[in-house]
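*Asks:* After the structure tokens below, expect a handful of questions from me.
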Amino acid sequence: MADGSLTGSGLEAAAMAPERTGWAAEQEPASLEKGLFQDEDSCSDCSCRDKPGSSLQSFMPEGKTFFPEIFQTNQLLFYERFRAYQDYILADCKASEVQEFTAEFLEKVLEPSGWRAVWHTNVFKVLVEATDVDFAALKAVVRLAEPYLCDSQVSTFTMECMKELLDLKEHRLPLQELWVVFDDSGVFDQTALAIEHVRFFYQNIWRSWDEEEEDEYDYFVRCVEPRLRLHYDILEDRVPSGLIVDYRNLLSQCEESYRKFLNLRSSLSNCNSDSEQENISMVEGLKLYSEMEQLKQKLKLIENPLLRYVFGYQKNSNIQAKGVRPSGQKITHVVSSTMVAGLLRSLLTDRLCQEPSEEEREIQFHSDPLSAINACFEGDTVIVCPGHYVVHGTFSIADSIELEGYGLPDDIVIEKRGKGDTFVDCTGADIKISGIKFVQHDAVEGILIVHRGKTTLENCVLQCETTGVTVRTSAEFLMKNSDLYGAKGAGIEIYPGSQCTLSDNGIHHCKEGILIKDFLDEHYDIPKISMVNNIIHNNEGYGVVLVKPTIFSDLQENAEDGTEENKALKIQTSGEPDVTEGVDLEELMQCATGKMELYARTDLSEQVEGNCEIVNELIAASTQKGQIKKKRLSELGITQADDNLMSQEMFVGIVGNQFKWNGKGSFGTFLF
């Protein structure tokens, strides 16, 4: 036995000192182990019968050879792995101490000999028996078990070949390549679990460059926890498929860059210090290092659940527009689950009746809206009749079409079921959607994404599941008289370089009401936003939140110097769009200065204060970004002829909005 005090009472107890103390001593061994490590939702090939002495399950390895059952340990829950790594394996270790801490943990829980395992590689599986453990190297000393069992993809891989391979490896195998054979006595439960934690860590958490990262912070908090959460978010379908692909591609690129960097660094150590080749290699090394750092930063953004959707994912829609129908004809698509005479008569009178001078238009009937959308060409119209429609796919709209409901939104419900990505994906030049209620379930991405072009949403209801509407860079979104609620993220996400007009809407019961993203990049202008007479209420966080780099705080003093520039801005704060006379501009300019503090005046109502705060922050961000851009151009010897902010056509219309009962207030900022 590895420790005389261990009696199969669970990994936690095993990792503690020989004397059981604290909460572990107050629980029965069997219930403790079951509560921490047994997965109730085991896979279908697991043996579900109760095993005396062991609380773990077993399963039979796949293959032609009949291997003995092995411990089922790869279905541990998030909190089980989290607790093991945080409390018993890694604790507060540095990246450079990971192997040392892991070895100390294994010494407490791992049986040094007497257990059998399946050595599993990409080429073969073979049954071995452990005779000793090299804890410092995280390897087991093994020999071939009797009887000899091997399942190989290469028919010529004989027992003699296996013995030669073990001799070359000095009979020492990495623990993560070993799957412990099941034993119903419970003696090897801790061994199987400990090896599973080592295997999972080095397959899914550890990165080859981790040891070279800054070593002064807690490695678990910086790296293990976010990567572990991302792993389980992916398993539980909480991450968009496109983001998963992006992450894996970035990981592969970073690993390849790191491999090249190591090879180059190794070659430099063998070069003469004054050689020309070394100078060239140094330049290449710096480029590789810079490339690798950028890739690592992108990986960290995706691993961080707070920043994952803010910066890590810029989905590009590959939907191709069909264009005008070859015949040049435009078609009206009518969607109805059942068509009765009265409904048809009303449609003919209200929507389908044509003027004598108009060209004859074809009408097609559909039973579901998704098939109607897929049948559309440029200029088509889809009319959805009252009813409750359930769809399982994405509305991919790449052409300029009109999608309208015939009746009240609550009578025309389109519900998306089944796990997937976006509900409505818009890339058309001019898309109009009106009079429909969209209901989202089991979602991974938002309810509507405008990638490019212009999308108008009028008199609609959006019942969200994750985020609500996302307005990407260069896209334009117009939302009128609509109701949006239920988003677990932001109700509306507005990207830099986009245009967003919100008028007479309700945005409520979301994580945040409106999220404005401001990237510190001269290629992206601050989004052009108009918000008029919206009611933003009962959101968990802020009514409106601006996301921006922390460098803006450093530029606060510079922003104050730009007050004269700010005075050139026109800010629409009157209820009448064209009325500017009679407005105290000096007083309004106080809302538009470049200061980063929130505007607060005791004589202003909450609604007016919220509008001023938003204008204040947007103009401050635009001013500071313009100063950064000027500085960069100046360093290149380029000067701008017009220094007036109005030359950027920056215009903000924020007036008449009401902010009520938002958890953190009407407006806030998030620094990254």
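Scheme for the structure tokens: letters A, B, ... for chains in order shown; per-chain residue numbers from 1; ligand numbers from 1 in order shown.
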Could you name the residues that touch Ala194 of chain A at 9 Å or less, counting only C-alpha atoms, but leaving out those on the same chain fewer than 5 positions away, as a PyMOL selection string?

*Replies:* chain A and resi 11+105-106+109-110+189+199

*Asks:* For the selection you just gave me, I'd like the residues written to a file as a compact mmCIF listing (two decimals), in the first residue's frame, keeping all heavy atoms.

*Replies:*
# COMPACT_ATOMS: atom_id res chain seq x y z
N LEU A 11 -10.05 10.14 -3.04
CA LEU A 11 -8.83 10.84 -3.38
C LEU A 11 -8.51 11.97 -2.42
O LEU A 11 -7.36 12.20 -2.07
CB LEU A 11 -8.97 11.40 -4.81
CG LEU A 11 -7.74 12.03 -5.44
CD1 LEU A 11 -6.61 11.02 -5.46
CD2 LEU A 11 -8.06 12.51 -6.83
N PHE A 105 1.91 14.75 -4.83
CA PHE A 105 0.55 14.25 -4.69
C PHE A 105 0.49 12.75 -4.99
O PHE A 105 -0.14 11.97 -4.26
CB PHE A 105 -0.37 15.03 -5.65
CG PHE A 105 -1.69 14.38 -5.90
CD1 PHE A 105 -2.70 14.42 -4.95
CD2 PHE A 105 -1.93 13.70 -7.08
CE1 PHE A 105 -3.92 13.82 -5.18
CE2 PHE A 105 -3.14 13.10 -7.33
CZ PHE A 105 -4.15 13.15 -6.37
N LEU A 106 1.15 12.33 -6.07
CA LEU A 106 1.11 10.92 -6.46
C LEU A 106 1.74 10.02 -5.40
O LEU A 106 1.29 8.88 -5.19
CB LEU A 106 1.81 10.73 -7.80
CG LEU A 106 1.12 11.35 -9.03
CD1 LEU A 106 1.98 11.17 -10.27
CD2 LEU A 106 -0.25 10.73 -9.24
N VAL A 109 -0.98 8.95 -2.96
CA VAL A 109 -2.18 8.22 -3.35
C VAL A 109 -1.93 7.03 -4.28
O VAL A 109 -2.80 6.17 -4.42
CB VAL A 109 -3.19 9.17 -4.04
CG1 VAL A 109 -3.59 10.30 -3.13
CG2 VAL A 109 -2.62 9.73 -5.34
N LEU A 110 -0.78 6.98 -4.92
CA LEU A 110 -0.55 5.96 -5.95
C LEU A 110 0.07 4.70 -5.35
O LEU A 110 1.04 4.78 -4.59
CB LEU A 110 0.38 6.53 -7.03
CG LEU A 110 0.22 5.95 -8.43
CD1 LEU A 110 -1.15 6.26 -9.00
CD2 LEU A 110 1.30 6.51 -9.36
N ASP A 189 -8.69 2.13 -6.58
CA ASP A 189 -9.53 3.27 -7.00
C ASP A 189 -8.74 4.57 -7.03
O ASP A 189 -8.80 5.34 -8.00
CB ASP A 189 -10.71 3.43 -6.04
CG ASP A 189 -11.80 2.39 -6.28
OD1 ASP A 189 -11.50 1.38 -6.96
OD2 ASP A 189 -12.93 2.59 -5.79
N ARG A 199 -3.42 12.39 -16.52
CA ARG A 199 -3.67 12.26 -17.96
C ARG A 199 -4.47 13.45 -18.49
O ARG A 199 -4.11 14.07 -19.50
CB ARG A 199 -4.41 10.96 -18.25
CG ARG A 199 -4.84 10.80 -19.70
CD ARG A 199 -5.33 9.40 -20.03
NE ARG A 199 -6.18 8.85 -19.01
CZ ARG A 199 -5.86 7.80 -18.23
NH1 ARG A 199 -4.69 7.22 -18.37
NH2 ARG A 199 -6.70 7.34 -17.32

*Asks:* For atom CA of Gln329 of chain A and atom CA of Ser400 of chain A, quote the distance in Å rounded to one decimal.

*Replies:* 14.2 Å

*Asks:* Quick one: everything within 7 Å of Asp430 of chain A, counting only C-alpha atoms, minus sequence neighbours fewer than 6 positions away in the same chain. Send it as a ChimeraX atom specification.

*Replies:* /A:400,453-455

*Asks:* Rounded to one decimal place, report the atom CA of Phe659 of chain A-atom CA of His509 of chain A distance in Å.

*Replies:*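 Separation of atom CA of Phe659 of chain A and atom CA of His509 of chain A: 12.5 Å.
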
*Asks:* Using backbone DSSP assignments, extract all strand (DSSP E or B) residues from segment 277-490 of chain A; output them as a PyMOL selection string.

*Replies:* chain A and resi 331-335+362-366+381-384+387-391+395-397+402-405+412-416+420+424-426+430-434+437-440+443+448-450+454-458+461-463+469-471+476-480+483-485+490

*Asks:* Of the candidates A:Ala398, A:Cys223, A:Leu295, A:Leu268, which shows the shortest atom-to-atom distance to Val324 of chain A, using only C-alpha atoms?

*Replies:* A:Ala398

*Asks:* Hey, which of A:Gly468, A:Pro240, A:Gly435, A:Pro356 ends up closest to Val450 of chain A? Count only C-alpha atoms.

*Replies:*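 Once distances to Val450 of chain A are computed over only C-alpha atoms, the minimum belongs to A:Gly468.
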
*Asks:* Counting only C-alpha atoms, figure out which residue out of A:Met282, A:Gly114, A:Gly491, A:Val123 gets nearest to Val141 of chain A.

*Replies:* A:Gly114

*Asks:* Residues at most 10 Å from Arg222 of chain A, counting only C-alpha atoms, excluding those fewer than 5 positions away in the same chain, as an mmCIF file with C-alpha atoms, in the first residue's frame?

*Replies:*
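This is the output file around_12.cif:
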data_model
loop_
_atom_site.group_PDB
_atom_site.id
_atom_site.type_symbol
_atom_site.label_atom_id
_atom_site.label_comp_id
_atom_site.auth_asym_id
_atom_site.auth_seq_id
_atom_site.Cartn_x
_atom_site.Cartn_y
_atom_site.Cartn_z
ATOM 1 C CA ALA A 95 4.112 26.835 -13.495
ATOM 2 C CA TYR A 217 1.271 34.360 -9.975
ATOM 3 C CA ARG A 227 -8.889 26.195 -19.458
ATOM 4 C CA LYS A 300 -6.250 33.687 -23.228
ATOM 5 C CA ASN A 304 -11.539 33.843 -20.207
#

*Asks:* Let me make sure I understand: among A:Ile431, A:Val469, A:Val239, A:Ala137, which one has the smallest atom-to-atom distance to Leu175 of chain A if we use only C-alpha atoms?

*Replies:*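 Among the listed residues, the smallest separation from Leu175 of chain A belongs to A:Ala137.
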
*Asks:* Please compute the atom CA of Arg325 of chain A-atom CA of Ile433 of chain A distance, one decimal, in Å.

*Replies:*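 Separation between atom CA of Arg325 of chain A and atom CA of Ile433 of chain A: 20.9 Å.
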
*Asks:* Quick check for you: according to DSSP on this backbone, which residues of segment 73-247 of chain A are classed as helix (DSSP H, G or I)? Reply as number ranges by chain.

*Replies:* A: 78-89, 95-109, 159-168, 175-177, 189-205, 210-212, 219-235, 241-247

*Asks:* Would you mind listing what lies within 8 Å of Glu107 of chain A as a ChimeraX atom specification, with only C-alpha atoms counted and same-chain residues fewer than 3 positions away left out?

*Replies:* /A:2,103-104,110,135

*Asks:* Write a file of the just-selected residues containing N, CA and C atoms, as a JSON list (two decimals), in the first residue's frame.

*Replies:*
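Output saved as again-v8.json:
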[["chain", "number", "residue", "atom", "x", "y", "z"],
["A", 2, "ALA", "N", 0.41, 2.28, -0.65],
["A", 2, "ALA", "CA", 1.19, 3.50, -0.71],
["A", 2, "ALA", "C", 1.22, 4.23, 0.61],
["A", 103, "ALA", "N", 4.10, 15.22, -8.46],
["A", 103, "ALA", "CA", 4.83, 14.07, -7.94],
["A", 103, "ALA", "C", 4.57, 13.87, -6.45],
["A", 104, "GLU", "N", 4.53, 14.97, -5.69],
["A", 104, "GLU", "CA", 4.25, 14.87, -4.25],
["A", 104, "GLU", "C", 2.85, 14.32, -4.00],
["A", 110, "LEU", "N", -0.78, 6.98, -4.92],
["A", 110, "LEU", "CA", -0.55, 5.96, -5.95],
["A", 110, "LEU", "C", 0.07, 4.70, -5.35],
["A", 135, "PHE", "N", 8.09, 8.61, -9.30],
["A", 135, "PHE", "CA", 7.18, 9.73, -9.07],
["A", 135, "PHE", "C", 7.71, 11.03, -9.65]]

*Asks:* So that I can check the surroundings of Ile654 of chain A, please list as a ChimeraX atom specification every protein, DNA and RNA residue that reaches within 6 Å of it, counting only C-alpha atoms and ignoring chain neighbours fewer than 4 positions away.

*Replies:* /A:530-532,611
